[in-house]
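Structure first, then comments.
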There are 2 protein chains.
Amino acid sequence: MAEAPGAAMSGFDPASLKLRRAGRLTMGNGEDEITEWFARHSKLSASKFPIGIGDDMAEIRLSRDTSSLRSRSVCFGGVGSVLITTDMLLDGVHFDLKEVTLKQVGYKAMAVSLSDCAAMATVPIAAVVSVALPKGFGKRQLKQLHSGITFAGDRFGCPLIGGDITRWRTSERFAINVAMLSKSVGNKPVRRSGAKAGDAICVTGSLGGSRWGRYMKFEPRVKEARKIAQLVAVNAMIDISDGLSSDLNRICRASGVGAVIEAQRIPVSNAARKSKTPLESALNDGEDFELLFTLSQRQCRRLLERWDEPLAITRIGTIAKARRLRIKRLDGRLDVLQPKGYDHLREW
Amino acid sequence: MAEAPGAAMSGFDPASLKLRRAGRLTMGNGEDEITEWFARHSKLSASKFPIGIGDDMAEIRLSRDTSSLRSRSVCFGGVGSVLITTDMLLDGVHFDLKEVTLKQVGYKAMAVSLSDCAAMATVPIAAVVSVALPKGFGKRQLKQLHSGITFAGDRFGCPLIGGDITRWRTSERFAINVAMLSKSVGNKPVRRSGAKAGDAICVTGSLGGSRWGRYMKFEPRVKEARKIAQLVAVNAMIDISDGLSSDLNRICRASGVGAVIEAQRIPVSNAARKSKTPLESALNDGEDFELLFTLSQRQCRRLLERWDEPLAITRIGTIAKARRLRIKRLDGRLDVLQPKGYDHLREW
């Protein structure tokens with residue numbers, strides 16, 4: 001979400017930088033430079049880590065323990081893989097404990113990571129949670145937090161299996177980190193980097209105005225993402241955490257392509273319609289946690305024909321060869337679309 | 001580490017509560033009650049999660065994607081498992097940025113999790129790191145931190161594969177979380193709960209006085225733990241993060257046994273000898289990150305005969321049937337040994 005005055009006033013700030021996100025962005029702002037730097041400095045074996053820094057989750061290929069030869073001979077390719085994501089949420093940044101409950105915070109902390117699992121079209125397995133408690137936090141607060149964590153965990157079959165509790169000695173604020181594992185079942189993990197010129201660009205649900213409540217209680221699109229990936233061949237996918245414009249930019253940069261989206265097709269949420277600039281809100285607000293994905297025109301038609309879930313899927317544009325983002329305004333004019341979503345490190 | 005005045009003065013505080021630690025402790029202090037509470041409220045499938053809340057790492061059994069039947073028929077037991085740990089370290093608690101460098105902090109954050117991998121006698125695979133940056137932290141600070149993370153990662157074959165960077169809006173302090181994956185190769189993960197009456201109790205290295213420097217630069221005993229577990233049958237193991245007395249108590253409670261250790265056999269470190277009470281320091285200081293393990297007398301003899309690594313292994317006592325900890329003083333007197341190691345939540 002852009003750092004609009006409203007965002008600052010509400011004491012709410014959306015998703016933070018993911019090191020995993022986006023490959024080679026050229027905008028030169030803080031978040032992207034840092035992401036690039038970390039990706040460039042990782043020397044990961046592609047066979048061990050099919051997906052490394054620069055996506056919603058990293059993938060680890062696990063070779064079986066072949067110290068006993070018994071299994072190796074009969075089990076060619078006896079390997080599986082697991083994916084992992086990590087997310088830190090801070091009081092005063094991602095939520096404000098003066099305005100929301102710890103149960104809501106527990107839910108949100110899980111939901112942000114569950115949304116990463118959705119972005120890869122993978123199945124959540126389990127989570128470990130670390131917290132840094134302010135002075136004065138006791139068992140009551142931990143239980144409230146736990147109830148939010150398990151509410152989300154139960155709902156998505158993703159139990160809490162471990163954690164770490166630390167406590168500030170000084171008057172610092174609450175922080176929570178969720179690390180979550182997932183696996184691919186029935187479809188490969190969907191990356192950001194597979195978008196092709198000519199692809200249709202689609203989003204689920206409606207966008208913008210998350211700060212008016214949705215940011216604490218959004219539904220991660222885990223089920224829908226897997227259903228999409230199993231109905232059709234999806235070329236690229238991401239969850240909209242920092243705003244449509246920024247997350248579309250990430251898909252495009254990672255895929256070496258551009259995009260044209262149509263203003264009239266953007267599904268603007270009711271919450272965004274309350275703002276003075278509803279379209280800008282839908283383009284640049286963060287924390288929608290809807291899916292943004294690309295697929296061939298043919299696969300897109302097939303998907304829209306077969307889709308029978310209540311959650312809307314809207315085709316909003318087309319992937320282009322030229323590496324730039326553009327938006328077709330209501331009057332037919334083609335404007336450059338700036339990635340104006342939230343950037344945690346922009347002011348550096 | 002006990003909250004001795006020295007610890008507070010040095011601005012240093014050792015390892016924090018692990019939810020994963022210890023099964024049913026009866027001391028009724030904060031850390032143990034909370035751990036119990038979380039373990040009691042987890043309803044984990046033992047087949048999916050062979051090790052859940054209450055150990056140094058949790059274990060997740062991965063079934064292969066059997067959506068294609070091709071492999072299932074020829075690959076009975078085509079499953080692997082992966083282990084995970086998470087650790088949050090805070091400025092002003094686990095280190096003080098006025099006294100140490102960010103490179104040291106990056107190293108320590110990784111080393112704490114690597115020590116968890118060692119405690120299970122598993123092989124580290126990969127790490128994801130989240131940070132909460134104070135105002136004023138920029139790329140220079142991130143690069144320093146990164147150099148410490150990769151120094152540890154390169155050394156132990158455990159690359160950084162993803163992360164999350166967030167930034168405080170207010171004047172809060174630096175926090176870092178490492179979540180790390182490991183796997184078992186050639187030996188099963190060693191749990192805390194397998195100690196048997198009559199077992200020998202052993203420790204690696206020497207104990208106490210970590211606050212005088214070791215707490216930032218200790219060597220996780222990854223290699224040694226695996227070597228021990230492959231030379232002999234180890235019944236229970238833990239890394240000494242909160243102090244020998246507390247971590248031995250955890251093994252005993254998880255295993256439903258007690259222990260007698262001998263004061264004269266405790267390997268007191270040179271740093272601990274500088275304190276006024278060297279033995280107490282070796283018993284109760286935290287952040288030694290040495291291995292504490294139990295095994296049958298026969299296996300112990302075998303281990304000590306065959307052990308050819310520079311790191312010392314010392315037999316310090318015997319597991320007893322009666323569920324209490326005792327220490328044989330130099331004069332032969334048997335005293336109760338209180339678990340006086342560090343408890344992050346004791347004052348609750």
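Residue numbering restarts at 1 for every chain of the structure tokens, chains are lettered A, B, ... in their displayed order, and ligands are numbered from 1 as they appear.
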Can you list, as a PDB file with all heavy atoms, in the first residue's frame, every protein, DNA or RNA residue that comes within 12 Å of Ala197 in chain B when you count only C-alpha atoms, leaving out same-chain residues fewer than 6 positions away?
```
ATOM      1  N   ASN B 235      20.591 -42.060  23.389  1.00  0.00           N
ATOM      2  CA  ASN B 235      19.186 -42.152  23.820  1.00  0.00           C
ATOM      3  C   ASN B 235      18.468 -40.804  23.874  1.00  0.00           C
ATOM      4  O   ASN B 235      17.274 -40.727  23.609  1.00  0.00           O
ATOM      5  CB  ASN B 235      19.100 -42.843  25.179  1.00  0.00           C
ATOM      6  CG  ASN B 235      19.439 -44.325  25.077  1.00  0.00           C
ATOM      7  OD1 ASN B 235      19.405 -44.895  23.978  1.00  0.00           O
ATOM      8  ND2 ASN B 235      19.795 -44.943  26.195  1.00  0.00           N
ATOM      9  N   ALA B 236      19.187 -39.749  24.270  1.00  0.00           N
ATOM     10  CA  ALA B 236      18.563 -38.422  24.370  1.00  0.00           C
ATOM     11  C   ALA B 236      19.645 -37.369  24.171  1.00  0.00           C
ATOM     12  O   ALA B 236      20.806 -37.573  24.550  1.00  0.00           O
ATOM     13  CB  ALA B 236      17.912 -38.231  25.737  1.00  0.00           C
ATOM     14  N   CYS B 252      15.381 -34.870  31.501  1.00  0.00           N
ATOM     15  CA  CYS B 252      14.822 -35.759  32.529  1.00  0.00           C
ATOM     16  C   CYS B 252      13.298 -35.730  32.535  1.00  0.00           C
ATOM     17  O   CYS B 252      12.644 -36.773  32.590  1.00  0.00           O
ATOM     18  CB  CYS B 252      15.371 -35.387  33.901  1.00  0.00           C
ATOM     19  SG  CYS B 252      17.113 -35.854  34.079  1.00  0.00           S
ATOM     20  N   SER B 255      11.844 -37.399  29.571  1.00  0.00           N
ATOM     21  CA  SER B 255      12.084 -38.849  29.566  1.00  0.00           C
ATOM     22  C   SER B 255      11.458 -39.545  30.769  1.00  0.00           C
ATOM     23  O   SER B 255      11.485 -40.781  30.863  1.00  0.00           O
ATOM     24  CB  SER B 255      13.596 -39.129  29.564  1.00  0.00           C
ATOM     25  OG  SER B 255      14.237 -38.497  28.473  1.00  0.00           O
ATOM     26  N   GLY B 256      10.936 -38.776  31.723  1.00  0.00           N
ATOM     27  CA  GLY B 256      10.347 -39.371  32.928  1.00  0.00           C
ATOM     28  C   GLY B 256      11.372 -40.026  33.833  1.00  0.00           C
ATOM     29  O   GLY B 256      11.110 -41.067  34.435  1.00  0.00           O
ATOM     30  N   VAL B 257      12.541 -39.416  33.928  1.00  0.00           N
ATOM     31  CA  VAL B 257      13.615 -39.951  34.764  1.00  0.00           C
ATOM     32  C   VAL B 257      14.229 -38.827  35.601  1.00  0.00           C
ATOM     33  O   VAL B 257      13.772 -37.683  35.549  1.00  0.00           O
ATOM     34  CB  VAL B 257      14.722 -40.604  33.897  1.00  0.00           C
ATOM     35  CG1 VAL B 257      14.184 -41.826  33.147  1.00  0.00           C
ATOM     36  CG2 VAL B 257      15.293 -39.577  32.908  1.00  0.00           C
ATOM     37  N   GLY B 258      15.259 -39.154  36.369  1.00  0.00           N
ATOM     38  CA  GLY B 258      16.020 -38.153  37.100  1.00  0.00           C
ATOM     39  C   GLY B 258      17.491 -38.301  36.771  1.00  0.00           C
ATOM     40  O   GLY B 258      17.849 -39.035  35.847  1.00  0.00           O
ATOM     41  N   ALA B 259      18.342 -37.614  37.532  1.00  0.00           N
ATOM     42  CA  ALA B 259      19.775 -37.673  37.227  1.00  0.00           C
ATOM     43  C   ALA B 259      20.605 -37.358  38.461  1.00  0.00           C
ATOM     44  O   ALA B 259      20.161 -36.640  39.357  1.00  0.00           O
ATOM     45  CB  ALA B 259      20.113 -36.679  36.124  1.00  0.00           C
ATOM     46  N   VAL B 260      21.800 -37.930  38.498  1.00  0.00           N
ATOM     47  CA  VAL B 260      22.805 -37.542  39.491  1.00  0.00           C
ATOM     48  C   VAL B 260      24.052 -37.138  38.723  1.00  0.00           C
ATOM     49  O   VAL B 260      24.564 -37.920  37.912  1.00  0.00           O
ATOM     50  CB  VAL B 260      23.158 -38.713  40.436  1.00  0.00           C
ATOM     51  CG1 VAL B 260      24.198 -38.248  41.460  1.00  0.00           C
ATOM     52  CG2 VAL B 260      21.912 -39.241  41.130  1.00  0.00           C
ATOM     53  N   THR B 294      22.632 -38.530  26.643  1.00  0.00           N
ATOM     54  CA  THR B 294      22.685 -39.731  27.478  1.00  0.00           C
ATOM     55  C   THR B 294      22.707 -40.975  26.590  1.00  0.00           C
ATOM     56  O   THR B 294      22.151 -40.980  25.490  1.00  0.00           O
ATOM     57  CB  THR B 294      21.475 -39.832  28.439  1.00  0.00           C
ATOM     58  OG1 THR B 294      20.373 -40.474  27.772  1.00  0.00           O
ATOM     59  CG2 THR B 294      21.050 -38.460  28.961  1.00  0.00           C
ATOM     60  N   LEU B 295      23.374 -41.999  27.090  1.00  0.00           N
ATOM     61  CA  LEU B 295      23.486 -43.265  26.353  1.00  0.00           C
ATOM     62  C   LEU B 295      23.860 -44.363  27.343  1.00  0.00           C
ATOM     63  O   LEU B 295      24.277 -44.059  28.473  1.00  0.00           O
ATOM     64  CB  LEU B 295      24.504 -43.139  25.221  1.00  0.00           C
ATOM     65  CG  LEU B 295      25.988 -42.944  25.534  1.00  0.00           C
ATOM     66  CD1 LEU B 295      26.771 -42.802  24.230  1.00  0.00           C
ATOM     67  CD2 LEU B 295      26.271 -41.773  26.431  1.00  0.00           C
ATOM     68  N   SER B 296      23.682 -45.616  26.954  1.00  0.00           N
ATOM     69  CA  SER B 296      23.954 -46.704  27.898  1.00  0.00           C
ATOM     70  C   SER B 296      25.431 -46.681  28.287  1.00  0.00           C
ATOM     71  O   SER B 296      26.268 -46.143  27.562  1.00  0.00           O
ATOM     72  CB  SER B 296      23.603 -48.048  27.259  1.00  0.00           C
ATOM     73  OG  SER B 296      24.598 -48.401  26.307  1.00  0.00           O
ATOM     74  N   GLN B 297      25.735 -47.259  29.436  1.00  0.00           N
ATOM     75  CA  GLN B 297      27.125 -47.295  29.906  1.00  0.00           C
ATOM     76  C   GLN B 297      28.029 -47.941  28.859  1.00  0.00           C
ATOM     77  O   GLN B 297      29.146 -47.485  28.620  1.00  0.00           O
ATOM     78  CB  GLN B 297      27.198 -48.110  31.215  1.00  0.00           C
ATOM     79  CG  GLN B 297      26.331 -47.580  32.344  1.00  0.00           C
ATOM     80  CD  GLN B 297      26.897 -46.329  33.004  1.00  0.00           C
ATOM     81  OE1 GLN B 297      28.058 -45.986  32.808  1.00  0.00           O
ATOM     82  NE2 GLN B 297      26.073 -45.636  33.780  1.00  0.00           N
ATOM     83  N   GLY B 317      27.788 -37.835  34.803  1.00  0.00           N
ATOM     84  CA  GLY B 317      26.855 -38.415  35.763  1.00  0.00           C
ATOM     85  C   GLY B 317      26.038 -39.532  35.176  1.00  0.00           C
ATOM     86  O   GLY B 317      26.369 -40.069  34.107  1.00  0.00           O
ATOM     87  N   THR B 318      24.932 -39.846  35.864  1.00  0.00           N
ATOM     88  CA  THR B 318      24.136 -41.018  35.517  1.00  0.00           C
ATOM     89  C   THR B 318      22.647 -40.686  35.610  1.00  0.00           C
ATOM     90  O   THR B 318      22.219 -39.972  36.520  1.00  0.00           O
ATOM     91  CB  THR B 318      24.448 -42.172  36.514  1.00  0.00           C
ATOM     92  OG1 THR B 318      25.873 -42.343  36.569  1.00  0.00           O
ATOM     93  CG2 THR B 318      23.814 -43.481  36.067  1.00  0.00           C
ATOM     94  N   ILE B 319      21.900 -41.194  34.660  1.00  0.00           N
ATOM     95  CA  ILE B 319      20.442 -41.048  34.715  1.00  0.00           C
ATOM     96  C   ILE B 319      19.906 -42.005  35.793  1.00  0.00           C
ATOM     97  O   ILE B 319      20.342 -43.148  35.890  1.00  0.00           O
ATOM     98  CB  ILE B 319      19.814 -41.363  33.341  1.00  0.00           C
ATOM     99  CG1 ILE B 319      20.221 -40.309  32.308  1.00  0.00           C
ATOM    100  CG2 ILE B 319      18.297 -41.470  33.432  1.00  0.00           C
ATOM    101  CD1 ILE B 319      19.656 -38.913  32.553  1.00  0.00           C
ATOM    102  N   ALA B 320      18.975 -41.482  36.608  1.00  0.00           N
ATOM    103  CA  ALA B 320      18.420 -42.265  37.714  1.00  0.00           C
ATOM    104  C   ALA B 320      16.919 -42.459  37.510  1.00  0.00           C
ATOM    105  O   ALA B 320      16.278 -41.718  36.763  1.00  0.00           O
ATOM    106  CB  ALA B 320      18.668 -41.537  39.032  1.00  0.00           C
ATOM    107  N   LYS B 321      16.407 -43.463  38.207  1.00  0.00           N
ATOM    108  CA  LYS B 321      14.990 -43.750  38.074  1.00  0.00           C
ATOM    109  C   LYS B 321      14.143 -42.666  38.760  1.00  0.00           C
ATOM    110  O   LYS B 321      13.118 -42.236  38.234  1.00  0.00           O
ATOM    111  CB  LYS B 321      14.717 -45.113  38.721  1.00  0.00           C
ATOM    112  CG  LYS B 321      13.505 -45.817  38.173  1.00  0.00           C
ATOM    113  CD  LYS B 321      13.465 -47.255  38.684  1.00  0.00           C
ATOM    114  CE  LYS B 321      12.211 -47.960  38.209  1.00  0.00           C
ATOM    115  NZ  LYS B 321      12.156 -49.351  38.708  1.00  0.00           N
ATOM    116  N   ALA B 322      14.597 -42.281  39.961  1.00  0.00           N
ATOM    117  CA  ALA B 322      13.844 -41.278  40.737  1.00  0.00           C
ATOM    118  C   ALA B 322      13.857 -39.938  40.011  1.00  0.00           C
ATOM    119  O   ALA B 322      14.907 -39.422  39.639  1.00  0.00           O
ATOM    120  CB  ALA B 322      14.477 -41.135  42.124  1.00  0.00           C
ATOM    121  N   ARG B 323      12.643 -39.355  39.859  1.00  0.00           N
ATOM    122  CA  ARG B 323      12.520 -38.153  39.028  1.00  0.00           C
ATOM    123  C   ARG B 323      12.967 -36.890  39.746  1.00  0.00           C
ATOM    124  O   ARG B 323      12.146 -36.021  40.072  1.00  0.00           O
ATOM    125  CB  ARG B 323      11.071 -37.978  38.595  1.00  0.00           C
ATOM    126  CG  ARG B 323      10.554 -39.104  37.746  1.00  0.00           C
ATOM    127  CD  ARG B 323       9.181 -38.771  37.242  1.00  0.00           C
ATOM    128  NE  ARG B 323       8.644 -39.850  36.445  1.00  0.00           N
ATOM    129  CZ  ARG B 323       7.660 -39.706  35.583  1.00  0.00           C
ATOM    130  NH1 ARG B 323       7.113 -38.514  35.422  1.00  0.00           N
ATOM    131  NH2 ARG B 323       7.197 -40.720  34.896  1.00  0.00           N
ATOM    132  N   ARG B 324      14.246 -36.791  40.004  1.00  0.00           N
ATOM    133  CA  ARG B 324      14.752 -35.550  40.576  1.00  0.00           C
ATOM    134  C   ARG B 324      16.208 -35.389  40.147  1.00  0.00           C
ATOM    135  O   ARG B 324      16.877 -36.374  39.816  1.00  0.00           O
ATOM    136  CB  ARG B 324      14.626 -35.576  42.099  1.00  0.00           C
ATOM    137  CG  ARG B 324      15.290 -36.777  42.696  1.00  0.00           C
ATOM    138  CD  ARG B 324      15.078 -36.878  44.188  1.00  0.00           C
ATOM    139  NE  ARG B 324      15.647 -38.132  44.678  1.00  0.00           N
ATOM    140  CZ  ARG B 324      15.667 -38.490  45.930  1.00  0.00           C
ATOM    141  NH1 ARG B 324      15.131 -37.707  46.851  1.00  0.00           N
ATOM    142  NH2 ARG B 324      16.221 -39.631  46.306  1.00  0.00           N
TER     143      ARG B 324
END
```
Residue set, range 117-205 of chain B restricted to strand (DSSP E), as a count of residues only:
33
Would you mind telling me which residue in A:Gly208, A:Gly54, A:Gly198, A:Pro278 lies nearest to chain B when using only C-alpha atoms?
A:Gly54
If we count only C-alpha atoms, what is near Gln230 in chain A at a cut-off of 12 Å, once residues fewer than 2 positions away on the same chain are taken out, given as a ChimeraX atom specification?
/A:121-122,184-190,223-228,232-234,299,302-303,306-307 /B:67
Can you tell me, as a PyMOL selection string, what residues are no more than 7 Å from Asn249 in chain A when counting only C-alpha atoms, ignoring any on the same chain fewer than 4 positions away?
chain A and resi 245+253+339
Dump as an mmCIF file, in the first residue's frame, selection limited to N, CA, C and O atoms:
```
data_model
loop_
_atom_site.group_PDB
_atom_site.id
_atom_site.type_symbol
_atom_site.label_atom_id
_atom_site.label_comp_id
_atom_site.auth_asym_id
_atom_site.auth_seq_id
_atom_site.Cartn_x
_atom_site.Cartn_y
_atom_site.Cartn_z
ATOM 1 N N SER A 245 -0.307 -2.737 -8.956
ATOM 2 C CA SER A 245 0.710 -2.180 -9.861
ATOM 3 C C SER A 245 2.094 -2.727 -9.534
ATOM 4 O O SER A 245 2.856 -3.107 -10.424
ATOM 5 N N ARG A 253 8.851 -8.163 -14.412
ATOM 6 C CA ARG A 253 10.305 -8.107 -14.353
ATOM 7 C C ARG A 253 10.895 -9.502 -14.238
ATOM 8 O O ARG A 253 11.892 -9.812 -14.874
ATOM 9 N N PRO A 339 4.589 1.444 -10.796
ATOM 10 C CA PRO A 339 4.361 0.566 -9.641
ATOM 11 C C PRO A 339 4.387 1.399 -8.369
ATOM 12 O O PRO A 339 5.444 1.666 -7.819
#
```
Quick check for you: according to DSSP on this backbone, which residues of range 42-163 of chain A are classed as alpha helix (DSSP H)? Reply as a short mmCIF file (atom, residue, chain, number, x, y, z; two decimals) with N, CA and C atoms, in the first residue's frame.
```cif
data_model
loop_
_atom_site.label_atom_id
_atom_site.label_comp_id
_atom_site.auth_asym_id
_atom_site.auth_seq_id
_atom_site.Cartn_x
_atom_site.Cartn_y
_atom_site.Cartn_z
N LEU A 69 21.15 -48.59 1.22
CA LEU A 69 20.95 -48.69 -0.23
C LEU A 69 19.65 -49.39 -0.58
N ARG A 70 19.08 -50.01 0.40
CA ARG A 70 17.85 -50.77 0.22
C ARG A 70 16.84 -50.06 -0.69
N SER A 71 16.58 -48.80 -0.37
CA SER A 71 15.52 -48.12 -1.09
C SER A 71 16.00 -47.53 -2.42
N ARG A 72 17.26 -47.13 -2.45
CA ARG A 72 17.71 -46.37 -3.60
C ARG A 72 17.53 -47.16 -4.90
N SER A 73 17.82 -48.45 -4.82
CA SER A 73 17.80 -49.24 -6.04
C SER A 73 16.40 -49.34 -6.63
N VAL A 74 15.39 -49.41 -5.80
CA VAL A 74 14.04 -49.60 -6.34
C VAL A 74 13.29 -48.28 -6.48
N LEU A 102 -5.23 -9.30 19.79
CA LEU A 102 -4.14 -10.23 19.55
C LEU A 102 -4.63 -11.47 18.80
N LYS A 103 -5.89 -11.80 18.96
CA LYS A 103 -6.44 -12.91 18.18
C LYS A 103 -6.40 -12.55 16.69
N GLN A 104 -6.78 -11.31 16.38
CA GLN A 104 -6.72 -10.87 14.99
C GLN A 104 -5.28 -10.89 14.46
N VAL A 105 -4.36 -10.48 15.33
CA VAL A 105 -2.95 -10.46 14.93
C VAL A 105 -2.45 -11.88 14.65
N GLY A 106 -2.82 -12.83 15.52
CA GLY A 106 -2.43 -14.23 15.30
C GLY A 106 -2.98 -14.74 13.98
N TYR A 107 -4.24 -14.40 13.72
CA TYR A 107 -4.85 -14.82 12.45
C TYR A 107 -4.10 -14.21 11.27
N LYS A 108 -3.86 -12.90 11.35
CA LYS A 108 -3.22 -12.23 10.22
C LYS A 108 -1.81 -12.77 9.96
N ALA A 109 -1.06 -12.99 11.03
CA ALA A 109 0.32 -13.47 10.87
C ALA A 109 0.32 -14.80 10.11
N MET A 110 -0.62 -15.67 10.43
CA MET A 110 -0.74 -16.93 9.71
C MET A 110 -1.23 -16.70 8.29
N ALA A 111 -2.23 -15.82 8.14
CA ALA A 111 -2.88 -15.62 6.84
C ALA A 111 -1.91 -15.06 5.79
N VAL A 112 -0.98 -14.20 6.24
CA VAL A 112 0.01 -13.64 5.31
C VAL A 112 0.87 -14.76 4.71
N SER A 113 1.28 -15.69 5.56
CA SER A 113 2.09 -16.81 5.06
C SER A 113 1.24 -17.79 4.25
N LEU A 114 0.01 -18.01 4.69
CA LEU A 114 -0.89 -18.88 3.92
C LEU A 114 -1.11 -18.31 2.52
N SER A 115 -1.14 -16.99 2.43
CA SER A 115 -1.31 -16.35 1.12
C SER A 115 -0.08 -16.59 0.24
N ASP A 116 1.09 -16.70 0.85
CA ASP A 116 2.29 -17.07 0.08
C ASP A 116 2.16 -18.50 -0.46
N CYS A 117 1.64 -19.40 0.37
CA CYS A 117 1.40 -20.78 -0.09
C CYS A 117 0.45 -20.75 -1.27
N ALA A 118 -0.60 -19.91 -1.18
CA ALA A 118 -1.56 -19.78 -2.27
C ALA A 118 -0.88 -19.25 -3.53
N ALA A 119 -0.02 -18.25 -3.36
CA ALA A 119 0.64 -17.63 -4.51
C ALA A 119 1.45 -18.64 -5.32
N LYS A 139 0.51 -14.48 30.09
CA LYS A 139 -0.12 -15.67 29.54
C LYS A 139 -1.42 -15.35 28.83
N ARG A 140 -2.17 -14.38 29.37
CA ARG A 140 -3.45 -14.03 28.78
C ARG A 140 -3.24 -13.59 27.32
N GLN A 141 -2.24 -12.75 27.12
CA GLN A 141 -1.98 -12.26 25.77
C GLN A 141 -1.53 -13.40 24.85
N LEU A 142 -0.68 -14.30 25.40
CA LEU A 142 -0.22 -15.41 24.57
C LEU A 142 -1.37 -16.32 24.16
N LYS A 143 -2.31 -16.51 25.08
CA LYS A 143 -3.46 -17.36 24.75
C LYS A 143 -4.34 -16.73 23.67
N GLN A 144 -4.52 -15.41 23.75
CA GLN A 144 -5.30 -14.72 22.72
C GLN A 144 -4.63 -14.88 21.35
N LEU A 145 -3.33 -14.66 21.35
CA LEU A 145 -2.57 -14.79 20.12
C LEU A 145 -2.69 -16.21 19.58
N HIS A 146 -2.54 -17.17 20.49
CA HIS A 146 -2.62 -18.58 20.11
C HIS A 146 -3.97 -18.91 19.49
N SER A 147 -5.03 -18.32 20.01
CA SER A 147 -6.35 -18.63 19.48
C SER A 147 -6.49 -18.16 18.04
N GLY A 148 -5.87 -17.03 17.72
CA GLY A 148 -5.89 -16.56 16.33
C GLY A 148 -5.05 -17.43 15.42
N ILE A 149 -3.90 -17.86 15.94
CA ILE A 149 -3.01 -18.72 15.15
C ILE A 149 -3.70 -20.05 14.84
N THR A 150 -4.31 -20.65 15.86
CA THR A 150 -4.91 -21.96 15.63
C THR A 150 -6.22 -21.84 14.84
N PHE A 151 -6.90 -20.72 14.96
CA PHE A 151 -8.10 -20.52 14.15
C PHE A 151 -7.73 -20.61 12.67
N ALA A 152 -6.66 -19.88 12.29
CA ALA A 152 -6.20 -19.94 10.89
C ALA A 152 -5.63 -21.32 10.57
N GLY A 153 -4.86 -21.87 11.49
CA GLY A 153 -4.23 -23.17 11.25
C GLY A 153 -5.25 -24.28 11.04
N ASP A 154 -6.27 -24.29 11.89
CA ASP A 154 -7.32 -25.31 11.77
C ASP A 154 -8.04 -25.18 10.43
N ARG A 155 -8.32 -23.96 10.08
CA ARG A 155 -9.07 -23.69 8.87
C ARG A 155 -8.36 -24.14 7.61
#
```
May I ask which of the residues B:Ile238, B:Val93, B:Met57, B:Leu207 is the closest one to Ala179 in chain B, counting only C-alpha atoms?
B:Met57
Separating CA of Phe49 in chain B from CA of Ile161 in chain A, to the nearest tenth of an Å, is a gap of 8.1 Å
Leu89 in chain B: which residues within 6 Å, counting only C-alpha atoms, same-chain residues fewer than 4 positions away excluded, as a list in words?
His94, Ala175 and Ile176 of chain B
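Straight-line separation from CA of Lys135 in chain B to CA of Arg167 in chain A: 20.5 Å.
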